[in-house]
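A.B. asks: input_8.cif is the file, holding mmCIF, C-alpha atoms:
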```cif
data_coords
#
loop_
_atom_site.label_atom_id
_atom_site.label_comp_id
_atom_site.auth_asym_id
_atom_site.auth_seq_id
_atom_site.Cartn_x
_atom_site.Cartn_y
_atom_site.Cartn_z
CA MET A 486 28.13 -33.60 11.86
CA ASP A 487 31.20 -32.57 13.85
CA GLY A 488 29.83 -34.46 16.86
CA ALA A 489 29.38 -37.64 14.81
CA ILE A 490 32.95 -37.43 13.50
CA THR A 491 34.35 -36.99 17.02
CA ASN A 492 32.16 -39.54 18.86
CA TYR A 493 32.41 -42.35 16.32
CA HIS A 494 35.95 -41.61 15.09
CA LEU A 495 34.83 -41.24 11.49
CA SER A 496 36.54 -39.39 8.71
CA GLU A 497 34.74 -36.38 7.23
CA ARG A 498 34.35 -38.21 3.93
CA HIS A 499 32.81 -41.30 5.61
CA ALA A 500 30.45 -39.25 7.81
CA CYS A 501 29.21 -37.17 4.87
CA ARG A 502 28.58 -40.34 2.84
CA ILE A 503 26.50 -41.85 5.66
CA VAL A 504 24.19 -38.84 6.06
CA GLY A 505 24.13 -38.01 2.35
CA GLN A 506 25.59 -34.53 2.76
CA PRO A 507 28.02 -33.03 0.23
CA ARG A 508 31.45 -32.30 1.67
CA GLY A 509 31.26 -28.79 0.23
CA THR A 510 28.26 -28.09 2.46
CA GLN A 511 30.15 -29.34 5.50
CA ARG A 512 33.10 -27.07 4.78
CA TYR A 513 31.04 -24.01 3.83
CA SER A 514 31.61 -20.92 5.92
CA VAL A 515 29.53 -17.75 5.74
CA ILE A 516 31.34 -14.85 4.09
CA ALA A 517 29.98 -11.49 5.20
CA ARG A 518 29.72 -8.93 2.42
CA ALA A 519 31.44 -5.59 2.79
CA ASP A 520 28.13 -3.70 2.67
CA GLU A 521 26.23 -6.06 5.00
CA ASP A 522 26.24 -3.68 7.98
CA ALA A 523 25.28 -0.65 5.90
CA LEU A 524 22.46 -2.56 4.20
CA THR A 525 21.19 -3.83 7.54
CA GLN A 526 21.13 -0.28 8.89
CA ALA A 527 19.24 0.93 5.82
CA ILE A 528 16.67 -1.88 6.19
CA MET A 529 16.22 -1.16 9.89
CA ALA A 530 15.82 2.57 9.21
CA LEU A 531 13.12 1.97 6.59
CA ALA A 532 11.38 -0.65 8.74
CA ALA A 533 11.30 1.80 11.65
CA ARG A 534 9.93 4.58 9.47
CA TYR A 535 7.36 2.45 7.64
CA GLY A 536 6.32 -0.04 10.29
CA ARG A 537 3.57 -1.65 8.22
CA TYR A 538 5.74 -2.42 5.17
CA GLY A 539 6.97 -5.96 4.49
CA TYR A 540 10.38 -6.97 3.15
CA ARG A 541 9.22 -6.90 -0.49
CA ARG A 542 8.13 -3.26 -0.25
CA ILE A 543 11.34 -2.42 1.64
CA THR A 544 13.33 -4.08 -1.18
CA ALA A 545 11.61 -1.86 -3.72
CA LEU A 546 12.46 1.25 -1.69
CA LEU A 547 16.10 0.17 -1.40
CA ASN A 548 16.42 -0.40 -5.14
CA GLU A 549 14.86 2.99 -5.85
CA ALA A 550 17.46 4.49 -3.51
CA GLY A 551 20.37 2.98 -5.45
CA TRP A 552 20.99 -0.35 -3.74
CA SER A 553 21.51 -3.37 -5.99
CA VAL A 554 19.86 -5.95 -3.77
CA GLY A 555 17.45 -8.83 -4.29
CA VAL A 556 14.38 -9.71 -2.28
CA ASP A 557 15.96 -12.93 -0.96
CA ARG A 558 18.87 -11.09 0.65
CA VAL A 559 16.56 -8.52 2.22
CA GLN A 560 14.32 -11.32 3.51
CA ARG A 561 17.31 -13.05 5.11
CA ILE A 562 18.37 -9.89 6.92
CA TRP A 563 14.73 -9.15 7.77
CA ARG A 564 14.34 -12.50 9.53
CA ARG A 565 17.77 -12.35 11.15
CA GLU A 566 16.91 -9.01 12.75
CA GLY A 567 13.55 -10.33 13.97
CA LEU A 568 11.42 -7.93 11.93
CA LYS A 569 7.77 -8.83 11.64
CA VAL A 570 5.92 -8.98 8.35
CA PRO A 571 2.61 -7.04 8.53
CA ARG A 572 -0.55 -9.08 8.84
CA LYS A 573 -2.15 -9.78 5.48
CA GLN A 574 -5.75 -8.83 4.82
CA ARG A 575 -8.32 -11.59 4.54
CA PRO A 576 -9.25 -12.28 0.90
CA ARG A 577 -12.73 -11.19 -0.13
CA GLY A 578 -15.06 -12.68 -2.68
CA ARG A 579 -16.74 -10.89 -5.55
CA LEU A 580 -20.36 -10.55 -6.57
CA TRP A 581 -21.15 -12.79 -9.54
CA LEU A 582 -24.29 -12.71 -11.66
CA ASN A 583 -26.38 -15.74 -12.59
CA ASP A 584 -24.76 -15.95 -16.03
CA GLY A 585 -21.31 -16.26 -14.47
CA SER A 586 -20.14 -12.75 -15.26
CA CYS A 587 -18.71 -10.37 -12.69
CA ALA A 588 -20.84 -7.36 -11.86
CA ARG A 589 -17.91 -5.04 -11.31
CA LEU A 590 -16.69 -2.96 -14.26
CA ARG A 591 -12.93 -3.40 -14.68
CA PRO A 592 -10.84 -0.25 -15.20
CA GLU A 593 -9.07 -0.30 -18.56
CA ARG A 594 -7.28 3.06 -18.76
CA ARG A 595 -6.62 6.29 -16.92
CA ASN A 596 -9.81 8.23 -16.13
CA HIS A 597 -11.92 5.19 -17.03
CA VAL A 598 -13.24 4.47 -13.52
CA TRP A 599 -12.87 6.62 -10.42
CA SER A 600 -14.20 5.45 -7.09
CA TYR A 601 -14.79 7.18 -3.79
CA ASP A 602 -15.77 6.22 -0.29
CA PHE A 603 -15.78 7.54 3.26
CA VAL A 604 -13.60 6.78 6.28
CA GLU A 605 -14.15 7.92 9.84
CA ALA A 606 -11.54 9.01 12.36
CA GLN A 607 -11.49 11.37 15.34
CA THR A 608 -9.43 14.10 16.91
CA HIS A 609 -7.90 13.91 20.38
CA ASP A 610 -10.98 15.50 21.95
CA GLY A 611 -13.19 12.66 20.70
CA ARG A 612 -14.91 14.65 17.94
CA LYS A 613 -15.57 12.81 14.71
CA VAL A 614 -13.60 13.50 11.53
CA ARG A 615 -14.88 12.32 8.15
CA LEU A 616 -12.63 11.56 5.18
CA MET A 617 -13.73 11.27 1.56
CA THR A 618 -11.18 9.30 -0.48
CA LEU A 619 -11.15 9.50 -4.30
CA ILE A 620 -8.93 7.22 -6.41
CA ASP A 621 -8.33 6.32 -10.04
CA GLU A 622 -8.85 2.55 -10.16
CA PHE A 623 -6.54 1.98 -13.14
CA THR A 624 -3.49 3.96 -11.99
CA ARG A 625 -4.22 3.34 -8.25
CA GLU A 626 -3.44 7.02 -7.63
CA CYS A 627 -5.24 8.76 -4.79
CA LEU A 628 -6.69 11.85 -6.45
CA ALA A 629 -7.94 13.56 -3.30
CA ILE A 630 -8.76 13.09 0.36
CA ARG A 631 -11.27 15.58 1.75
CA VAL A 632 -11.06 15.98 5.54
CA ALA A 633 -13.91 17.68 7.43
CA ARG A 634 -16.21 17.27 10.39
CA ARG A 635 -19.12 16.65 8.02
CA ILE A 636 -19.27 15.94 4.30
CA ASN A 637 -22.57 16.30 2.44
CA GLY A 638 -23.46 16.09 -1.23
CA MET A 639 -22.11 19.56 -1.93
CA GLY A 640 -18.79 18.61 -0.36
CA VAL A 641 -18.62 15.57 -2.64
CA LEU A 642 -19.20 17.77 -5.69
CA GLU A 643 -16.58 20.31 -4.65
CA THR A 644 -13.95 17.59 -4.20
CA MET A 645 -14.65 15.92 -7.53
CA ALA A 646 -14.91 19.23 -9.39
CA ASP A 647 -11.47 20.35 -8.16
CA VAL A 648 -9.91 17.09 -9.39
CA MET A 649 -11.76 17.14 -12.71
CA ILE A 650 -10.43 20.62 -13.48
CA ALA A 651 -6.88 19.24 -13.31
CA ARG A 652 -7.43 15.64 -14.50
CA GLY A 653 -10.43 15.74 -16.78
CA VAL A 654 -13.80 14.02 -16.43
CA PRO A 655 -13.84 10.24 -15.89
CA GLU A 656 -16.17 7.92 -17.79
CA HIS A 657 -17.51 6.25 -14.64
CA ILE A 658 -17.56 7.02 -10.92
CA ARG A 659 -18.11 4.10 -8.55
CA SER A 660 -19.56 4.46 -5.05
CA ASP A 661 -21.93 2.80 -2.63
CA ASN A 662 -25.54 3.80 -2.00
CA GLY A 663 -24.97 6.21 0.89
CA PRO A 664 -26.97 9.45 1.05
CA GLU A 665 -23.97 11.54 -0.04
CA MET A 666 -23.64 9.47 -3.23
CA THR A 667 -27.30 9.15 -4.22
CA ALA A 668 -28.32 12.73 -3.46
CA LYS A 669 -30.24 14.30 -6.32
CA ILE A 670 -27.74 17.14 -6.67
CA VAL A 671 -24.89 14.63 -7.08
CA ARG A 672 -26.67 12.50 -9.67
CA GLN A 673 -27.74 15.53 -11.66
CA TRP A 674 -24.28 17.08 -11.61
CA LEU A 675 -22.61 13.85 -12.76
CA ALA A 676 -25.06 13.62 -15.65
CA ASN A 677 -24.28 17.21 -16.64
CA VAL A 678 -20.50 16.66 -16.74
CA GLY A 679 -20.86 13.32 -18.57
CA ALA A 680 -19.70 10.89 -15.87
CA GLN A 681 -21.81 7.75 -15.41
CA PRO A 682 -22.36 6.70 -11.77
CA LEU A 683 -21.83 3.06 -10.77
CA TYR A 684 -23.58 2.13 -7.53
CA ILE A 685 -22.55 -1.10 -5.84
CA GLU A 686 -25.08 -3.51 -4.37
CA PRO A 687 -26.00 -2.91 -0.72
CA GLY A 688 -23.88 -5.04 1.61
CA SER A 689 -21.29 -5.79 -1.08
CA PRO A 690 -18.24 -3.61 -0.26
CA TRP A 691 -15.94 -5.91 -2.30
CA GLU A 692 -17.53 -4.46 -5.46
CA ASN A 693 -15.68 -1.26 -4.57
CA GLY A 694 -12.53 -3.26 -3.87
CA TYR A 695 -9.94 -0.72 -5.03
CA CYS A 696 -11.26 1.97 -2.73
CA GLU A 697 -11.76 -0.50 0.12
CA SER A 698 -8.15 -1.63 -0.25
CA PHE A 699 -6.90 1.95 -0.26
CA ASN A 700 -8.97 2.82 2.81
CA GLY A 701 -7.49 -0.18 4.62
CA LYS A 702 -3.95 1.02 3.88
CA LEU A 703 -4.85 4.55 4.98
CA ARG A 704 -6.19 3.30 8.29
CA ASP A 705 -3.43 0.76 8.87
CA GLU A 706 -0.48 2.99 7.98
CA LEU A 707 -1.72 6.37 9.26
CA LEU A 708 -5.00 6.62 11.13
CA ASN A 709 -4.32 3.78 13.58
CA GLY A 710 -0.97 5.24 14.57
CA GLU A 711 -1.61 9.00 14.71
CA ILE A 712 -3.26 11.27 17.26
CA PHE A 713 -4.81 14.35 15.67
CA TYR A 714 -5.03 17.24 18.11
CA SER A 715 -6.98 19.44 15.70
CA LEU A 716 -8.79 19.27 12.39
CA LYS A 717 -6.04 21.36 10.79
CA GLU A 718 -3.37 18.90 11.93
CA ALA A 719 -5.42 16.02 10.53
CA LYS A 720 -5.65 17.76 7.14
CA VAL A 721 -1.90 18.41 6.99
CA LEU A 722 -0.82 14.89 8.03
CA ILE A 723 -3.36 13.12 5.81
CA GLU A 724 -2.41 15.19 2.77
CA ARG A 725 1.28 14.49 3.44
CA TRP A 726 0.53 10.76 3.59
CA ARG A 727 -1.48 10.98 0.34
CA LYS A 728 1.49 12.53 -1.48
CA HIS A 729 3.80 9.87 -0.04
CA TYR A 730 1.38 7.13 -1.17
CA ASN A 731 1.32 8.50 -4.72
CA THR A 732 5.00 9.30 -5.19
CA VAL A 733 7.06 7.04 -2.87
CA ARG A 734 5.15 4.07 -1.46
CA PRO A 735 5.73 0.91 -3.58
CA HIS A 736 2.47 -0.64 -4.77
CA SER A 737 2.49 -4.44 -5.13
CA SER A 738 -0.01 -4.53 -8.04
CA LEU A 739 2.17 -2.06 -9.97
CA GLY A 740 5.36 -4.12 -9.71
CA TYR A 741 6.33 -2.38 -6.47
CA ARG A 742 6.35 1.03 -8.11
CA PRO A 743 4.41 4.02 -6.74
CA PRO A 744 1.33 5.18 -8.73
CA ALA A 745 2.91 8.56 -9.63
CA PRO A 746 6.66 8.36 -8.85
CA GLN A 747 8.87 11.41 -8.63
CA THR A 748 11.91 9.96 -10.35
CA PHE A 749 14.04 13.04 -9.82
CA ALA A 750 13.99 12.83 -6.02
CA PRO A 751 16.83 10.91 -4.27
CA LEU A 752 14.68 8.55 -2.24
CA LEU A 753 16.69 7.32 0.72
CA SER A 754 18.31 10.68 1.40
CA HIS A 755 14.97 12.25 2.18
CA LEU A 756 13.64 9.15 3.91
CA ASP A 757 16.24 8.73 6.64
CA GLY A 758 19.12 11.10 5.88
CA THR A 759 21.57 8.37 4.88
CA THR A 760 23.42 7.80 1.63
CA ALA A 761 22.88 4.55 -0.23
CA MET A 762 25.79 2.33 -1.13
CA GLN A 763 26.01 0.13 -4.17
#
```
Written as structure tokens, how would this file's structure read?
C.D. replies:
Amino acid sequence: MDGAITNYHLSERHACRIVGQPRGTQRYSVIARADEDALTQAIMALAARYGRYGYRRITALLNEAGWSVGVDRVQRIWRREGLKVPRKQRPRGRLWLNDGSCARLRPERRNHVWSYDFVEAQTHDGRKVRLMTLIDEFTRECLAIRVARRINGMGVLETMADVMIARGVPEHIRSDNGPEMTAKIVRQWLANVGAQPLYIEPGSPWENGYCESFNGKLRDELLNGEIFYSLKEAKVLIERWRKHYNTVRPHSSLGYRPPAPQTFAPLLSHLDGTTAMQ
């Protein structure tokens, strides 16, 4: 616009009328807010600490820490600083029956449906590590992650029994058809405690979508970026991540709130050692 005014000797009013631009837009100048630098530093600190979080999740963390900031402002700073939004997962379909109904039982309340699955990792020496993840599908809380070299049917029972002592017995437990899930000792024990097993169809992992989604986050945010030098180190780091997932990490399906938030903890102070500004 300034070039057109100079080259063609036009007035600002005439040039704005030609291009259809309001004069207020032409005269607008960016006014930096007093807390812009501090907010940028807070965003950069959180982005560096949680490299797989997008600007929406970072906004939720900032608001929990005491900032009064909207997602649009965080997105603007996010793009200005060249931060990259994590790659989104490819959508998956669901298994539908011939009558048009969905085969997957929907969780309706806490302890209605639990689901568990297995994830594989390895220590620095190349030895395999197996993880059993157990979640409550309604609250999205990770109830336990068992870490061992091998996990058999007895290991599955021990993990679920420990959680049931503290949380109660769920109505249903969803899993696939692996040998650890269909073992006779597992099926008999579930029947004795009053939990009904739900086995998904072979080759249909999307039927266990909640657990599959959780396992993807676990691998993306922890397993892909950590080197475990021992089984003990793997247990400590994975349990620490599980507690962070439950109490701090914003969950998009829960309105960017964690599944089991610790509301008494000052968030940003223990995340990066800084003090939030209003």
A.B. asks: Using all atoms listed in the file, which residues of range 598-627 of chain A come within 10 Å of range 632-637 of chain A, and what is the closest atom pair for each, with the distance in Å to one decimal? Give it as a tab-separated table, sorted by chain and residue number.
C.D. replies:
```
residue	atom	partner	partner_atom	distance
A:Phe603	CA	A:Ile636	CA	9.2
A:Val604	CA	A:Val632	CA	9.6
A:Glu605	CA	A:Arg634	CA	9.6
A:Ala606	CA	A:Arg634	CA	9.7
A:Gln607	CA	A:Arg634	CA	9.0
A:Thr608	CA	A:Arg634	CA	9.9
A:Arg612	CA	A:Arg634	CA	8.1
A:Lys613	CA	A:Arg634	CA	6.2
A:Val614	CA	A:Arg634	CA	4.7
A:Arg615	CA	A:Ala633	CA	5.5
A:Leu616	CA	A:Val632	CA	4.7
A:Met617	CA	A:Val632	CA	6.7
A:Thr618	CA	A:Val632	CA	9.0
```
A.B. asks: For Ala676 in chain A, which of A:Gly551, A:Gly694, A:Pro664, A:Pro655 is the closest residue, counting only C-alpha atoms?
C.D. replies: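 Result for the nearest residue to Ala676 in chain A: A:Pro655.
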A.B. asks: What is the CA of Thr525 in chain A-CA of His729 in chain A distance in Å, reported with one decimal?
C.D. replies: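 Separating CA of Thr525 in chain A from CA of His729 in chain A is a distance of 23.4 Å.
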A.B. asks: Do you know which residues the PyMOL selection byres ((chain A and resi 530-542) around 7) returns on this file, as an MDAnalysis selection string?
C.D. replies: chainID A and resid 526:529 543:546 556 559:560 563 570:571 706 735 741 757
A.B. asks: State, in Å with one decimal place, the distance from CA of Arg742 in chain A to CA of Arg659 in chain A.
C.D. replies: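 So the two atoms, CA of Arg742 in chain A and CA of Arg659 in chain A, lie 24.7 Å apart.
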A.B. asks: On this file, the PyMOL selection byres ((chain A and resi 679-684) around 7) gives some set of residues; write that set as an MDAnalysis selection string.
C.D. replies: chainID A and resid 654:662 675:678 685:686
A.B. asks: Could you take the residues named above and write them with C-alpha atoms, as an mmCIF file, in the coordinates of the input?
C.D. replies:
```cif
data_model
loop_
_atom_site.group_PDB
_atom_site.id
_atom_site.type_symbol
_atom_site.label_atom_id
_atom_site.label_comp_id
_atom_site.auth_asym_id
_atom_site.auth_seq_id
_atom_site.Cartn_x
_atom_site.Cartn_y
_atom_site.Cartn_z
ATOM 1 C CA VAL A 654 -13.800 14.020 -16.430
ATOM 2 C CA PRO A 655 -13.840 10.240 -15.890
ATOM 3 C CA GLU A 656 -16.170 7.920 -17.790
ATOM 4 C CA HIS A 657 -17.510 6.250 -14.640
ATOM 5 C CA ILE A 658 -17.560 7.020 -10.920
ATOM 6 C CA ARG A 659 -18.110 4.100 -8.550
ATOM 7 C CA SER A 660 -19.560 4.460 -5.050
ATOM 8 C CA ASP A 661 -21.930 2.800 -2.630
ATOM 9 C CA ASN A 662 -25.540 3.800 -2.000
ATOM 10 C CA LEU A 675 -22.610 13.850 -12.760
ATOM 11 C CA ALA A 676 -25.060 13.620 -15.650
ATOM 12 C CA ASN A 677 -24.280 17.210 -16.640
ATOM 13 C CA VAL A 678 -20.500 16.660 -16.740
ATOM 14 C CA ILE A 685 -22.550 -1.100 -5.840
ATOM 15 C CA GLU A 686 -25.080 -3.510 -4.370
#
```
A.B. asks: Kindly give the distance, in Å, that separates CA of Tyr695 in chain A and CA of Arg625 in chain A, rounded to a single decimal.
C.D. replies: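 Between CA of Tyr695 in chain A and CA of Arg625 in chain A the gap works out to 7.7 Å.
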A.B. asks: Using all atoms listed in the file, which of the listed residues (A:Glu497, A:Asp520, A:Val733, A:Val641) sits closest to Gly663 in chain A?
C.D. replies: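 Checking each of A:Glu497, A:Asp520, A:Val733, A:Val641 against Gly663 in chain A, counting all atoms listed in the file, the winner is A:Val641.
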A.B. asks: Smallest atom-to-atom distance to Ala523 in chain A: which of A:Ile562, A:Ile503, A:Glu549, A:Phe713, using all atoms listed in the file?
C.D. replies: A:Ile562
A.B. asks: Translate the PyMOL selection byres ((chain A and resi 739) around 12) into a concrete residue list for this structure, as a PyMOL selection string.
C.D. replies: chain A and resi 542+545+622-626+731+734-738+740-746
A.B. asks: Need the shell around Ile723 in chain A: protein/DNA/RNA residues with any atom at most 9 Å away, counting all atoms listed in the file. Skip same-chain ones fewer than 2 positions apart. Format as a ChimeraX atom specification?
C.D. replies: /A:630,632,703,707-708,718-721,725-728
A.B. asks: Could you check the closest approach to Val504 in chain A for each of A:Ile490, A:Tyr601, A:Arg561, A:Val671 and tell me which residue wins, using all atoms listed in the file?
C.D. replies: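 Between A:Ile490, A:Tyr601, A:Arg561, A:Val671, the residue approaching Val504 in chain A most closely is A:Ile490.
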A.B. asks: Pick from A:Gly505, A:Gln511, A:Asp557, A:Asp610: nearest to Ser715 in chain A, with all atoms listed in the file counted?
C.D. replies: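 Closest residue, counting all atoms listed in the file: A:Asp610.
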A.B. asks: Nearest to Arg652 in chain A: which of A:Leu547, A:Leu619, A:Ile670, A:Leu628 is it, counting only C-alpha atoms?
C.D. replies: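 Distance minimum relative to Arg652 in chain A lands on A:Leu628.
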A.B. asks: Just add all heavy atoms to range 522-533 of chain A and send it as a PDB file, keeping the file's coordinate frame.
C.D. replies:
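Result written to rebuild_24.pdb:
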```pdb
ATOM      1  N   ASP A 522      26.635  -4.537   6.856  1.00  0.00           N
ATOM      2  CA  ASP A 522      26.240  -3.680   7.980  1.00  0.00           C
ATOM      3  C   ASP A 522      25.474  -2.456   7.497  1.00  0.00           C
ATOM      4  O   ASP A 522      24.456  -2.073   8.089  1.00  0.00           O
ATOM      5  CB  ASP A 522      27.463  -3.255   8.789  1.00  0.00           C
ATOM      6  CG  ASP A 522      28.083  -4.420   9.557  1.00  0.00           C
ATOM      7  OD1 ASP A 522      27.374  -5.422   9.763  1.00  0.00           O
ATOM      8  OD2 ASP A 522      29.258  -4.311   9.941  1.00  0.00           O
ATOM      9  N   ALA A 523      25.959  -1.847   6.419  1.00  0.00           N
ATOM     10  CA  ALA A 523      25.280  -0.650   5.900  1.00  0.00           C
ATOM     11  C   ALA A 523      23.898  -1.002   5.375  1.00  0.00           C
ATOM     12  O   ALA A 523      22.930  -0.248   5.589  1.00  0.00           O
ATOM     13  CB  ALA A 523      26.124  -0.021   4.788  1.00  0.00           C
ATOM     14  N   LEU A 524      23.769  -2.142   4.700  1.00  0.00           N
ATOM     15  CA  LEU A 524      22.460  -2.560   4.200  1.00  0.00           C
ATOM     16  C   LEU A 524      21.519  -2.862   5.348  1.00  0.00           C
ATOM     17  O   LEU A 524      20.335  -2.498   5.313  1.00  0.00           O
ATOM     18  CB  LEU A 524      22.616  -3.791   3.296  1.00  0.00           C
ATOM     19  CG  LEU A 524      21.310  -4.395   2.755  1.00  0.00           C
ATOM     20  CD1 LEU A 524      20.534  -3.377   1.937  1.00  0.00           C
ATOM     21  CD2 LEU A 524      21.609  -5.642   1.922  1.00  0.00           C
ATOM     22  N   THR A 525      22.021  -3.530   6.376  1.00  0.00           N
ATOM     23  CA  THR A 525      21.190  -3.830   7.540  1.00  0.00           C
ATOM     24  C   THR A 525      20.682  -2.544   8.185  1.00  0.00           C
ATOM     25  O   THR A 525      19.506  -2.439   8.558  1.00  0.00           O
ATOM     26  CB  THR A 525      21.986  -4.656   8.567  1.00  0.00           C
ATOM     27  OG1 THR A 525      22.429  -5.873   7.961  1.00  0.00           O
ATOM     28  CG2 THR A 525      21.132  -4.977   9.777  1.00  0.00           C
ATOM     29  N   GLN A 526      21.550  -1.558   8.311  1.00  0.00           N
ATOM     30  CA  GLN A 526      21.130  -0.280   8.890  1.00  0.00           C
ATOM     31  C   GLN A 526      20.076   0.399   8.032  1.00  0.00           C
ATOM     32  O   GLN A 526      19.121   0.987   8.559  1.00  0.00           O
ATOM     33  CB  GLN A 526      22.348   0.623   9.061  1.00  0.00           C
ATOM     34  CG  GLN A 526      23.338   0.146  10.118  1.00  0.00           C
ATOM     35  CD  GLN A 526      24.574   1.021  10.197  1.00  0.00           C
ATOM     36  OE1 GLN A 526      24.631   2.077   9.568  1.00  0.00           O
ATOM     37  NE2 GLN A 526      25.566   0.586  10.952  1.00  0.00           N
ATOM     38  N   ALA A 527      20.233   0.322   6.708  1.00  0.00           N
ATOM     39  CA  ALA A 527      19.240   0.930   5.820  1.00  0.00           C
ATOM     40  C   ALA A 527      17.897   0.217   5.944  1.00  0.00           C
ATOM     41  O   ALA A 527      16.837   0.863   5.960  1.00  0.00           O
ATOM     42  CB  ALA A 527      19.740   0.868   4.370  1.00  0.00           C
ATOM     43  N   ILE A 528      17.921  -1.113   6.031  1.00  0.00           N
ATOM     44  CA  ILE A 528      16.670  -1.880   6.190  1.00  0.00           C
ATOM     45  C   ILE A 528      16.004  -1.531   7.515  1.00  0.00           C
ATOM     46  O   ILE A 528      14.783  -1.319   7.573  1.00  0.00           O
ATOM     47  CB  ILE A 528      16.956  -3.384   6.096  1.00  0.00           C
ATOM     48  CG1 ILE A 528      17.394  -3.752   4.680  1.00  0.00           C
ATOM     49  CG2 ILE A 528      15.726  -4.196   6.503  1.00  0.00           C
ATOM     50  CD1 ILE A 528      17.852  -5.186   4.530  1.00  0.00           C
ATOM     51  N   MET A 529      16.781  -1.472   8.581  1.00  0.00           N
ATOM     52  CA  MET A 529      16.220  -1.160   9.890  1.00  0.00           C
ATOM     53  C   MET A 529      15.640   0.251   9.912  1.00  0.00           C
ATOM     54  O   MET A 529      14.595   0.502  10.530  1.00  0.00           O
ATOM     55  CB  MET A 529      17.305  -1.304  10.956  1.00  0.00           C
ATOM     56  CG  MET A 529      17.839  -2.726  11.127  1.00  0.00           C
ATOM     57  SD  MET A 529      16.596  -3.889  11.714  1.00  0.00           S
ATOM     58  CE  MET A 529      16.404  -3.316  13.414  1.00  0.00           C
ATOM     59  N   ALA A 530      16.314   1.200   9.239  1.00  0.00           N
ATOM     60  CA  ALA A 530      15.820   2.570   9.210  1.00  0.00           C
ATOM     61  C   ALA A 530      14.486   2.655   8.480  1.00  0.00           C
ATOM     62  O   ALA A 530      13.541   3.324   8.927  1.00  0.00           O
ATOM     63  CB  ALA A 530      16.848   3.493   8.551  1.00  0.00           C
ATOM     64  N   LEU A 531      14.376   1.957   7.347  1.00  0.00           N
ATOM     65  CA  LEU A 531      13.120   1.970   6.590  1.00  0.00           C
ATOM     66  C   LEU A 531      12.017   1.227   7.337  1.00  0.00           C
ATOM     67  O   LEU A 531      10.861   1.648   7.338  1.00  0.00           O
ATOM     68  CB  LEU A 531      13.343   1.340   5.212  1.00  0.00           C
ATOM     69  CG  LEU A 531      14.176   2.170   4.231  1.00  0.00           C
ATOM     70  CD1 LEU A 531      14.484   1.356   2.986  1.00  0.00           C
ATOM     71  CD2 LEU A 531      13.454   3.450   3.859  1.00  0.00           C
ATOM     72  N   ALA A 532      12.367   0.108   7.973  1.00  0.00           N
ATOM     73  CA  ALA A 532      11.380  -0.650   8.740  1.00  0.00           C
ATOM     74  C   ALA A 532      10.856   0.169   9.919  1.00  0.00           C
ATOM     75  O   ALA A 532       9.680   0.092  10.273  1.00  0.00           O
ATOM     76  CB  ALA A 532      11.976  -1.962   9.219  1.00  0.00           C
ATOM     77  N   ALA A 533      11.736   0.960  10.537  1.00  0.00           N
ATOM     78  CA  ALA A 533      11.300   1.800  11.650  1.00  0.00           C
ATOM     79  C   ALA A 533      10.415   2.932  11.171  1.00  0.00           C
ATOM     80  O   ALA A 533       9.463   3.326  11.854  1.00  0.00           O
ATOM     81  CB  ALA A 533      12.532   2.354  12.386  1.00  0.00           C
TER      82      ALA A 533
END
```
